[in-house]
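*Asks:* Before I ask anything, let me first share the structure, which is written out below as structure tokens.
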Amino acid sequence: MRTLKTSEAAALLNVSPNTLRAWERRFGYPKPQRSAGKHRLYTHGEIASLRDALQEGLSISSAVSVAREALSSESHSLLGALSSFELERADQALEAALALRSLERTVEEVLLPTLDELRERHGDGSAPWAFAARWGTEWLRRAQRLAPPPTRPMAVLVGDATRDDLDRDAPTVRALELFCARAGAHLLSLPVTGPSGIGDVLETHRVDAVVIAGGYANDDTVARWAYAVRAATGPLPIALFRRPGRGDRVRSTGTRALPDSPTDAQRMLIEILFTGEPGGDPLSVPLRTPTRRQRPAASLAIRRRALV
Amino acid sequence: MSRPAPRRALRAIPTPQEAQPLVGFCGHCGQRPADPSEVTKRVCDHCHMGLVLQASADLAPAPQDPFMVIDRSLSICALSREGERLLGVSETQAINRHVAEFLVPADAEARGQEDLVTVILTATGGDDGPRHVVVRPTGEFGVRLWVRVGHCGPPSAALLVMADGRV
């Protein structure tokens, strides 16, 4: 996927960089990603689509609307492919979406909404949902296998509290795992239904934080698993993802609830891991080479504070 | 004896309307472009939030005039900053919605919705000069707006200027 800096995108649209930023504030479009240095990065497809719409438009608003519609056509084509059970066409639709967006935005804006739409149309127990959910989770796992090796000194243990791949939260949990892996974290995912022998696993894989993801497993099951983890590793920061009925923070343990969006959840998780608080700047902690493992100092401080 | 030649009858001939020059204006703030000769730059130099459109000088809005642009399908394509204030809706919420959601005819003599629609559709065709209609905001009573309607573009659309000095 080709990305453009603000000045390049502005030149393509024949406007000033300030105008582009003003459009982002007013219309929410174009929606840039951020580089490691927090600079705006625009996808070429988004800018080209807006440029074409501006040529034919009567206002910026209507041009933005047309450009958005052009980009959302991938969602429709993916929905069409999955509705007609054509795996190859579904792969192609997602590839086309990837040409215009980052992987994270493709998952957030195309894949997950399409799966939600199918589940709402047909229901959790239907064959079309099973077909789409299995394809979606498999696609996300494949993308995770292709993620670059870990570059940050942090390891996350995901306690998978979903039922199986057909659980409504399963694709979103897989998306969070993928985004964490792409953010450079070591990732270990284990089901919360199997606490026995977890000590042996955690002797080999040291972890810095635990995320309990999914709402299917009941609190007793999760608590038994968390106890086993704590017995093996000591106190660790815990975050909840897609666990219904939890507030922003569980007062007794300091456990945090992550946002429902996997992108926002991954961002908050990294901020918490490195700075101890949401909103901290993880860039202040240097990246490391994939061969050495270091535990961040902030993470050690959290370990002392947090309780499992 | 020859009969005197009949006097030529005087006939009233309609004076052909002088073609008004086209002027550019921003579809958001209504300002005229700083450099009208630069036709390739479509985004307004003043507010950066609107595209520069063209209309005849007797139709084009002044910067303080509320106005909207409507396409052939009678959907709103642009709503000026003053128009947002007048109708109490932002442009991003108004676009792609039917004009009747915001304005309805308020002239008791007119034929009703059809007349407004006809005027707008004629304007999108670009055949006529500006015409005047009386409308009111949908759902509001006791308020009337004198609107002048005419052709603007590109692309071809109808421009409704909702002030005309009388509200």
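Convention: chains lettered A, B, ... in structure tokens order; per-chain residue numbering from 1; ligands numbered from 1 as shown.
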Which parts of range 139-280 of chain A does DSSP call strand (DSSP E or B) when run on the backbone here, written out as an MDAnalysis selection string?
*Replies:* chainID A and resid 155:160 186:191 209:213 238:241 249:250 255:257
*Asks:* Write out as a count of residues only which residues come within 9 Å of Pro191 in chain A when counting only C-alpha atoms, dropping same-chain ones fewer than 6 positions away.
*Replies:* 6
*Asks:* Restricting the calculation to only C-alpha atoms: of B:Ile120, B:Ala100, B:Cys152, B:Val143, which residue gets closest to chain A?
*Replies:*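 Checking each candidate against chain A, we get B:Cys152 as the closest.
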*Asks:* Based on only C-alpha atoms, which of the residues in chain A come within 9 Å of chain B? I want them as a list in words.
*Replies:*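 Residues passing the distance filter: Asn14, Val15, Ser16, Asn18, Thr19, Leu20, Ala22, Trp23, Arg26, Phe27, Leu54, Gln55, Glu56, Gly57, Leu58, Ser59, Ile60, Ser61, Ser62 and Ser65 of chain A.
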*Asks:* Find the residues around Ser84 in chain A up to 12 Å (only C-alpha atoms counted), leave out those fewer than 6 positions away in its own chain, and share them as a PyMOL selection string.
*Replies:* chain A and resi 77-78+90+118+127-129+131-132
*Asks:* Can you pull out every residue from range 159-200 of chain A that DSSP, working from the backbone, puts in alpha helix (DSSP H), and format the result as a PyMOL selection string?
*Replies:* chain A and resi 170-182+198-200
*Asks:* Could those selected residues go to a file with C-alpha atoms, as a PDB file, in the first residue's frame?
*Replies:*
```pdb
ATOM      1  CA  ALA A 170     -13.757 -14.408  18.047  1.00  0.00           C
ATOM      2  CA  PRO A 171     -12.844 -12.377  14.931  1.00  0.00           C
ATOM      3  CA  THR A 172     -12.364  -9.211  17.015  1.00  0.00           C
ATOM      4  CA  VAL A 173     -10.147 -11.048  19.514  1.00  0.00           C
ATOM      5  CA  ARG A 174      -8.086 -12.473  16.633  1.00  0.00           C
ATOM      6  CA  ALA A 175      -7.838  -8.922  15.266  1.00  0.00           C
ATOM      7  CA  LEU A 176      -6.484  -7.658  18.591  1.00  0.00           C
ATOM      8  CA  GLU A 177      -3.907 -10.469  18.609  1.00  0.00           C
ATOM      9  CA  LEU A 178      -2.893  -9.572  15.061  1.00  0.00           C
ATOM     10  CA  PHE A 179      -2.552  -5.869  15.850  1.00  0.00           C
ATOM     11  CA  CYS A 180      -0.489  -6.572  18.985  1.00  0.00           C
ATOM     12  CA  ALA A 181       1.808  -8.840  16.979  1.00  0.00           C
ATOM     13  CA  ARG A 182       2.178  -6.190  14.289  1.00  0.00           C
ATOM     14  CA  ILE A 198      -0.219 -23.326  32.489  1.00  0.00           C
ATOM     15  CA  GLY A 199       2.754 -22.946  34.834  1.00  0.00           C
ATOM     16  CA  ASP A 200       4.902 -25.041  32.514  1.00  0.00           C
TER      17      ASP A 200
END
```
*Asks:* Using CA of Thr106 in chain A and CA of Tyr29 in chain A as the two end points, give the distance in Å to one decimal.
*Replies:*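 A separation of 15.8 Å between them.
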*Asks:* Neighbours of range 46-49 of chain A within 10 Å (only C-alpha atoms; same-chain residues fewer than 3 positions away dropped), as a PyMOL selection string?
*Replies:* chain A and resi 3-4+8-10+12-13+29-32+42-43+52-54+63-64+66-71+100-101
*Asks:* Give me, as number ranges by chain, all polymer residues having an atom no more than 8 Å from range 209-217 of chain A, counting only C-alpha atoms and skipping those fewer than 4 positions away in the same chain.
*Replies:* A: 155-163, 167, 169-170, 173, 192-193, 221-222, 236-244, 273
*Asks:* Just the number, please: distance in Å from CA of Arg224 in chain A to CA of Leu190 in chain A, one decimal.
*Replies:* 13.6 Å
